[in-house]
Structure formats: C-alpha cells, structure tokens
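Visitor: Okay, so here is target-v4.cif, and as you'll see once you scroll down, it has mmCIF, N, CA and C atoms.
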data_run
loop_
_atom_site.label_atom_id
_atom_site.label_comp_id
_atom_site.auth_asym_id
_atom_site.auth_seq_id
_atom_site.Cartn_x
_atom_site.Cartn_y
_atom_site.Cartn_z
N MET A 1438 65.99 -97.80 47.68
CA MET A 1438 66.70 -97.67 46.43
C MET A 1438 65.68 -97.60 45.29
N THR A 1439 65.94 -96.78 44.34
CA THR A 1439 65.08 -96.67 43.16
C THR A 1439 65.89 -96.98 41.92
N THR A 1440 65.20 -97.26 40.87
CA THR A 1440 65.85 -97.55 39.60
C THR A 1440 64.97 -97.03 38.47
N THR A 1441 65.51 -97.04 37.30
CA THR A 1441 64.79 -96.60 36.12
C THR A 1441 64.50 -97.82 35.25
N ILE A 1442 63.29 -97.91 34.75
CA ILE A 1442 62.96 -98.95 33.79
C ILE A 1442 62.54 -98.28 32.49
N LYS A 1443 62.84 -98.92 31.40
CA LYS A 1443 62.50 -98.34 30.10
C LYS A 1443 61.20 -98.95 29.60
N VAL A 1444 60.24 -98.09 29.39
CA VAL A 1444 58.96 -98.49 28.81
C VAL A 1444 58.60 -97.43 27.78
N SER A 1445 57.69 -97.77 26.91
CA SER A 1445 57.25 -96.79 25.92
C SER A 1445 56.52 -95.65 26.62
N ASP A 1446 56.48 -94.52 25.97
CA ASP A 1446 55.75 -93.37 26.52
C ASP A 1446 54.28 -93.72 26.73
N GLU A 1447 53.73 -94.48 25.79
CA GLU A 1447 52.32 -94.85 25.89
C GLU A 1447 52.06 -95.70 27.13
N LEU A 1448 52.94 -96.68 27.38
CA LEU A 1448 52.76 -97.54 28.55
C LEU A 1448 52.95 -96.73 29.83
N ARG A 1449 53.95 -95.88 29.87
CA ARG A 1449 54.18 -95.03 31.05
C ARG A 1449 52.94 -94.20 31.35
N ASP A 1450 52.38 -93.57 30.30
CA ASP A 1450 51.20 -92.73 30.50
C ASP A 1450 50.00 -93.55 30.97
N ARG A 1451 49.87 -94.71 30.42
CA ARG A 1451 48.77 -95.60 30.82
C ARG A 1451 48.90 -96.01 32.28
N LEU A 1452 50.10 -96.40 32.70
CA LEU A 1452 50.34 -96.80 34.09
C LEU A 1452 50.13 -95.63 35.05
N LYS A 1453 50.62 -94.45 34.65
CA LYS A 1453 50.43 -93.27 35.50
C LYS A 1453 48.96 -92.92 35.65
N ALA A 1454 48.20 -93.05 34.57
CA ALA A 1454 46.76 -92.77 34.64
C ALA A 1454 46.06 -93.77 35.55
N GLN A 1455 46.43 -95.04 35.44
CA GLN A 1455 45.85 -96.05 36.32
C GLN A 1455 46.18 -95.76 37.78
N ALA A 1456 47.43 -95.43 38.05
CA ALA A 1456 47.85 -95.13 39.42
C ALA A 1456 47.09 -93.92 39.96
N SER A 1457 47.01 -92.89 39.16
CA SER A 1457 46.33 -91.66 39.57
C SER A 1457 44.87 -91.91 39.87
N ARG A 1458 44.24 -92.72 39.05
CA ARG A 1458 42.82 -93.05 39.23
C ARG A 1458 42.57 -93.67 40.60
N ASP A 1459 43.56 -94.44 41.09
CA ASP A 1459 43.41 -95.10 42.38
C ASP A 1459 44.11 -94.35 43.51
N GLY A 1460 44.63 -93.16 43.20
CA GLY A 1460 45.29 -92.36 44.23
C GLY A 1460 46.61 -92.94 44.68
N LEU A 1461 47.31 -93.62 43.78
CA LEU A 1461 48.59 -94.27 44.11
C LEU A 1461 49.74 -93.61 43.38
N THR A 1462 50.92 -93.80 43.92
CA THR A 1462 52.11 -93.43 43.17
C THR A 1462 52.31 -94.50 42.11
N LEU A 1463 53.13 -94.19 41.13
CA LEU A 1463 53.42 -95.18 40.09
C LEU A 1463 54.10 -96.40 40.71
N GLY A 1464 55.01 -96.18 41.65
CA GLY A 1464 55.68 -97.30 42.32
C GLY A 1464 54.71 -98.20 43.06
N ALA A 1465 53.77 -97.59 43.80
CA ALA A 1465 52.77 -98.37 44.53
C ALA A 1465 51.87 -99.14 43.57
N HIS A 1466 51.55 -98.51 42.45
CA HIS A 1466 50.71 -99.18 41.45
C HIS A 1466 51.45 -100.38 40.85
N LEU A 1467 52.72 -100.20 40.54
CA LEU A 1467 53.50 -101.32 40.00
C LEU A 1467 53.63 -102.44 41.02
N ASP A 1468 53.77 -102.08 42.29
CA ASP A 1468 53.82 -103.09 43.35
C ASP A 1468 52.53 -103.88 43.40
N ARG A 1469 51.41 -103.17 43.28
CA ARG A 1469 50.10 -103.84 43.29
C ARG A 1469 49.94 -104.74 42.07
N LEU A 1470 50.40 -104.29 40.91
CA LEU A 1470 50.35 -105.12 39.71
C LEU A 1470 51.20 -106.38 39.86
N ALA A 1471 52.39 -106.23 40.45
CA ALA A 1471 53.26 -107.38 40.67
C ALA A 1471 52.61 -108.37 41.64
N ASP A 1472 51.98 -107.85 42.70
CA ASP A 1472 51.27 -108.73 43.65
C ASP A 1472 50.15 -109.49 42.96
N ALA A 1473 49.40 -108.79 42.11
CA ALA A 1473 48.29 -109.43 41.39
C ALA A 1473 48.80 -110.52 40.47
N GLU A 1474 49.93 -110.30 39.82
CA GLU A 1474 50.50 -111.32 38.94
C GLU A 1474 51.00 -112.51 39.74
N ASP A 1475 51.62 -112.25 40.89
CA ASP A 1475 52.05 -113.35 41.76
C ASP A 1475 50.85 -114.19 42.18
N ARG A 1476 49.76 -113.54 42.54
CA ARG A 1476 48.54 -114.25 42.96
C ARG A 1476 47.95 -115.05 41.80
N ARG A 1477 47.91 -114.43 40.61
CA ARG A 1477 47.39 -115.12 39.44
C ARG A 1477 48.21 -116.38 39.15
N ARG A 1478 49.52 -116.27 39.27
CA ARG A 1478 50.40 -117.41 39.01
C ARG A 1478 50.19 -118.52 40.05
N ARG A 1479 50.06 -118.14 41.34
CA ARG A 1479 49.82 -119.15 42.38
C ARG A 1479 48.54 -119.92 42.10
N PHE A 1480 47.47 -119.20 41.73
CA PHE A 1480 46.20 -119.88 41.44
C PHE A 1480 46.30 -120.74 40.19
N ALA A 1481 47.02 -120.28 39.18
CA ALA A 1481 47.21 -121.08 37.97
C ALA A 1481 47.97 -122.36 38.31
N ASP A 1482 49.01 -122.24 39.12
CA ASP A 1482 49.78 -123.42 39.54
C ASP A 1482 48.92 -124.37 40.36
N MET A 1483 48.05 -123.81 41.22
CA MET A 1483 47.17 -124.64 42.03
C MET A 1483 46.16 -125.38 41.15
N ARG A 1484 45.62 -124.69 40.12
CA ARG A 1484 44.69 -125.37 39.21
C ARG A 1484 45.36 -126.53 38.50
N VAL A 1485 46.61 -126.35 38.09
CA VAL A 1485 47.35 -127.43 37.43
C VAL A 1485 47.55 -128.59 38.40
N ALA A 1486 47.94 -128.28 39.64
CA ALA A 1486 48.16 -129.33 40.63
C ALA A 1486 46.87 -130.10 40.91
N ILE A 1487 45.76 -129.38 41.03
CA ILE A 1487 44.47 -130.04 41.28
C ILE A 1487 44.09 -130.92 40.10
N ALA A 1488 44.34 -130.44 38.89
CA ALA A 1488 44.00 -131.22 37.69
C ALA A 1488 44.81 -132.51 37.62
N HIS A 1489 46.00 -132.51 38.23
CA HIS A 1489 46.86 -133.70 38.19
C HIS A 1489 46.74 -134.56 39.45
N THR A 1490 45.79 -134.22 40.31
CA THR A 1490 45.59 -135.00 41.53
C THR A 1490 44.84 -136.28 41.21
N SER A 1491 45.32 -137.37 41.76
CA SER A 1491 44.68 -138.67 41.48
C SER A 1491 43.30 -138.73 42.13
N ALA A 1492 42.46 -139.59 41.59
CA ALA A 1492 41.11 -139.76 42.13
C ALA A 1492 41.16 -140.21 43.58
N ALA A 1493 42.09 -141.11 43.89
CA ALA A 1493 42.21 -141.60 45.26
C ALA A 1493 42.59 -140.47 46.22
N ASP A 1494 43.49 -139.60 45.80
CA ASP A 1494 43.88 -138.48 46.65
C ASP A 1494 42.73 -137.49 46.84
N LEU A 1495 41.92 -137.30 45.80
CA LEU A 1495 40.76 -136.41 45.93
C LEU A 1495 39.75 -136.98 46.93
N VAL A 1496 39.51 -138.28 46.86
CA VAL A 1496 38.59 -138.93 47.80
C VAL A 1496 39.13 -138.79 49.22
N SER A 1497 40.43 -139.03 49.40
CA SER A 1497 41.05 -138.91 50.71
C SER A 1497 40.95 -137.48 51.24
N HIS A 1498 41.19 -136.51 50.38
CA HIS A 1498 41.11 -135.10 50.78
C HIS A 1498 39.70 -134.74 51.21
N ARG A 1499 38.72 -135.18 50.44
CA ARG A 1499 37.32 -134.89 50.80
C ARG A 1499 36.95 -135.49 52.15
N ALA A 1500 37.38 -136.73 52.37
CA ALA A 1500 37.07 -137.40 53.63
C ALA A 1500 37.73 -136.67 54.80
N GLU A 1501 38.99 -136.30 54.65
CA GLU A 1501 39.69 -135.59 55.72
C GLU A 1501 39.05 -134.23 55.98
N THR A 1502 38.66 -133.54 54.92
CA THR A 1502 38.02 -132.23 55.07
C THR A 1502 36.71 -132.36 55.82
N GLU A 1503 35.91 -133.36 55.45
CA GLU A 1503 34.64 -133.58 56.15
C GLU A 1503 34.87 -133.88 57.62
N GLU A 1504 35.90 -134.65 57.93
CA GLU A 1504 36.20 -134.97 59.32
C GLU A 1504 36.58 -133.71 60.10
N TRP A 1505 37.45 -132.88 59.53
CA TRP A 1505 37.86 -131.65 60.21
C TRP A 1505 36.67 -130.71 60.39
N GLU A 1506 35.82 -130.61 59.39
CA GLU A 1506 34.66 -129.73 59.50
C GLU A 1506 33.69 -130.20 60.57
N SER A 1507 33.51 -131.49 60.70
CA SER A 1507 32.60 -132.00 61.72
C SER A 1507 33.18 -131.77 63.11
N VAL A 1508 34.49 -131.86 63.27
CA VAL A 1508 35.13 -131.59 64.56
C VAL A 1508 34.98 -130.12 64.91
N GLU A 1509 35.21 -129.23 63.94
CA GLU A 1509 35.07 -127.80 64.19
C GLU A 1509 33.64 -127.44 64.58
N LEU A 1510 32.66 -128.05 63.90
CA LEU A 1510 31.26 -127.78 64.24
C LEU A 1510 30.92 -128.30 65.63
N ALA A 1511 31.41 -129.49 65.96
CA ALA A 1511 31.15 -130.05 67.28
C ALA A 1511 31.77 -129.18 68.37
N ASP A 1512 33.01 -128.70 68.13
CA ASP A 1512 33.68 -127.84 69.09
C ASP A 1512 32.89 -126.55 69.27
N ALA A 1513 32.35 -126.00 68.20
CA ALA A 1513 31.60 -124.75 68.27
C ALA A 1513 30.32 -124.93 69.08
N GLU A 1514 29.71 -126.10 68.97
CA GLU A 1514 28.46 -126.35 69.71
C GLU A 1514 28.69 -126.45 71.20
N HIS A 1515 29.91 -126.87 71.60
CA HIS A 1515 30.22 -127.01 73.02
C HIS A 1515 30.87 -125.76 73.62
N ALA A 1516 31.06 -124.74 72.81
CA ALA A 1516 31.72 -123.51 73.30
C ALA A 1516 30.75 -122.61 73.99
#
Could you spell out this file's structure in structure tokens?

Guide:
Amino acid sequence: MTTTIKVSDELRDRLKAQASRDGLTLGAHLDRLADAEDRRRRFADMRVAIAHTSAADLVSHRAETEEWESVELADAEHA
C-alpha cells in the first residue's frame, strides 16, 4: 500500500536528491531515515537510563561483565 504525504517542494527535492545520490528510491530513503531515527532514539533512551543507574548497580554490572568475560576467555582457551 502506498500513500501521499505533503511536504514542501524544497523538502521533496532535497529528499529525492539524497535518495538518488545513494541509488535509492524515495521510499527506501525514507525507510532508512526512519530506521536511523529509531536507532538515535534507542541510544538516547539508553544514555538516559545509564545516567540514572545507581552506583551500586554499575558496580554490580561491571563485576558480572568481568565474570562473563573471564568465562568466555577460559572457554576459548580450552576449545
């Protein structure tokens, strides 16, 4: 299914030029832009969550990460 969206002529031309530059259709370019915005939002949300993480939880996370990494390295040495 397709639909029409209303944008200024200038924005349409700009988006079409960007799409053409990358060898994409306008729809594919808009899909890529939407994916990039979703990714940007996920990382922004993750930065906020990390900023609000308690010191105790950070220490616990670091310790657990170190434990998992040492197990993975030990497993690799025995493979």

Visitor: Just to confirm, what's the straight-line distance from atom C of Ala1493 (chain A) to atom N of Trp1505 (chain A) in Å (one decimal)?

Guide: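 Between atom C of Ala1493 (chain A) and atom N of Trp1505 (chain A) the gap is 16.2 Å.
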
Visitor: Could you please determine the separation between CA of Arg1451 (chain A) and atom N of Leu1463 (chain A) in Å, to one decimal place?

Guide: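 Atom N of Leu1463 (chain A) lies at a distance of 11.3 Å from CA of Arg1451 (chain A).
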
Visitor: If you run DSSP on this backbone, which residues of chain A come out as helix (DSSP H, G or I), and could you give them as a PyMOL selection string?

Guide: chain A and resi 1446-1458+1463-1488+1492-1514

Visitor: So how many Å separate CA of Leu1452 (chain A) and atom N of Thr1440 (chain A), to one decimal?

Guide: 16.3 Å

Visitor: I need region 1464-1482 of chain A from the structure I supplied, saved as a PDB file, in the first residue's frame with N, CA and C atoms retained.

Guide:
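Result file selection-v3.pdb:
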ATOM      1  N   GLY A1464      11.075   6.100  -1.350  1.00  0.00           N
ATOM      2  CA  GLY A1464      10.518   5.274  -0.274  1.00  0.00           C
ATOM      3  C   GLY A1464      11.590   4.568   0.528  1.00  0.00           C
ATOM      4  N   ALA A1465      12.576   3.992  -0.162  1.00  0.00           N
ATOM      5  CA  ALA A1465      13.675   3.304   0.523  1.00  0.00           C
ATOM      6  C   ALA A1465      14.499   4.287   1.349  1.00  0.00           C
ATOM      7  N   HIS A1466      14.681   5.482   0.816  1.00  0.00           N
ATOM      8  CA  HIS A1466      15.432   6.507   1.551  1.00  0.00           C
ATOM      9  C   HIS A1466      14.678   6.920   2.817  1.00  0.00           C
ATOM     10  N   LEU A1467      13.378   7.111   2.689  1.00  0.00           N
ATOM     11  CA  LEU A1467      12.578   7.469   3.873  1.00  0.00           C
ATOM     12  C   LEU A1467      12.592   6.348   4.899  1.00  0.00           C
ATOM     13  N   ASP A1468      12.579   5.106   4.438  1.00  0.00           N
ATOM     14  CA  ASP A1468      12.663   3.966   5.358  1.00  0.00           C
ATOM     15  C   ASP A1468      13.981   3.981   6.107  1.00  0.00           C
ATOM     16  N   ARG A1469      15.063   4.282   5.379  1.00  0.00           N
ATOM     17  CA  ARG A1469      16.385   4.355   6.016  1.00  0.00           C
ATOM     18  C   ARG A1469      16.449   5.506   7.017  1.00  0.00           C
ATOM     19  N   LEU A1470      15.854   6.642   6.675  1.00  0.00           N
ATOM     20  CA  LEU A1470      15.812   7.769   7.611  1.00  0.00           C
ATOM     21  C   LEU A1470      15.016   7.425   8.866  1.00  0.00           C
ATOM     22  N   ALA A1471      13.894   6.724   8.696  1.00  0.00           N
ATOM     23  CA  ALA A1471      13.085   6.321   9.848  1.00  0.00           C
ATOM     24  C   ALA A1471      13.865   5.345  10.731  1.00  0.00           C
ATOM     25  N   ASP A1472      14.589   4.400  10.110  1.00  0.00           N
ATOM     26  CA  ASP A1472      15.420   3.467  10.881  1.00  0.00           C
ATOM     27  C   ASP A1472      16.491   4.205  11.668  1.00  0.00           C
ATOM     28  N   ALA A1473      17.121   5.185  11.031  1.00  0.00           N
ATOM     29  CA  ALA A1473      18.174   5.960  11.700  1.00  0.00           C
ATOM     30  C   ALA A1473      17.603   6.728  12.884  1.00  0.00           C
ATOM     31  N   GLU A1474      16.406   7.272  12.744  1.00  0.00           N
ATOM     32  CA  GLU A1474      15.785   7.998  13.851  1.00  0.00           C
ATOM     33  C   GLU A1474      15.412   7.046  14.979  1.00  0.00           C
ATOM     34  N   ASP A1475      14.905   5.865  14.633  1.00  0.00           N
ATOM     35  CA  ASP A1475      14.607   4.865  15.668  1.00  0.00           C
ATOM     36  C   ASP A1475      15.868   4.506  16.439  1.00  0.00           C
ATOM     37  N   ARG A1476      16.973   4.314  15.736  1.00  0.00           N
ATOM     38  CA  ARG A1476      18.249   3.970  16.375  1.00  0.00           C
ATOM     39  C   ARG A1476      18.737   5.119  17.261  1.00  0.00           C
ATOM     40  N   ARG A1477      18.634   6.350  16.743  1.00  0.00           N
ATOM     41  CA  ARG A1477      19.056   7.510  17.523  1.00  0.00           C
ATOM     42  C   ARG A1477      18.250   7.598  18.818  1.00  0.00           C
ATOM     43  N   ARG A1478      16.963   7.356  18.733  1.00  0.00           N
ATOM     44  CA  ARG A1478      16.097   7.418  19.910  1.00  0.00           C
ATOM     45  C   ARG A1478      16.448   6.316  20.914  1.00  0.00           C
ATOM     46  N   ARG A1479      16.702   5.091  20.425  1.00  0.00           N
ATOM     47  CA  ARG A1479      17.077   3.999  21.333  1.00  0.00           C
ATOM     48  C   ARG A1479      18.350   4.343  22.097  1.00  0.00           C
ATOM     49  N   PHE A1480      19.349   4.888  21.386  1.00  0.00           N
ATOM     50  CA  PHE A1480      20.600   5.249  22.058  1.00  0.00           C
ATOM     51  C   PHE A1480      20.402   6.409  23.026  1.00  0.00           C
ATOM     52  N   ALA A1481      19.567   7.368  22.668  1.00  0.00           N
ATOM     53  CA  ALA A1481      19.282   8.479  23.579  1.00  0.00           C
ATOM     54  C   ALA A1481      18.605   7.954  24.846  1.00  0.00           C
ATOM     55  N   ASP A1482      17.647   7.048  24.675  1.00  0.00           N
ATOM     56  CA  ASP A1482      16.968   6.457  25.833  1.00  0.00           C
ATOM     57  C   ASP A1482      17.941   5.658  26.691  1.00  0.00           C
TER      58      ASP A1482
END
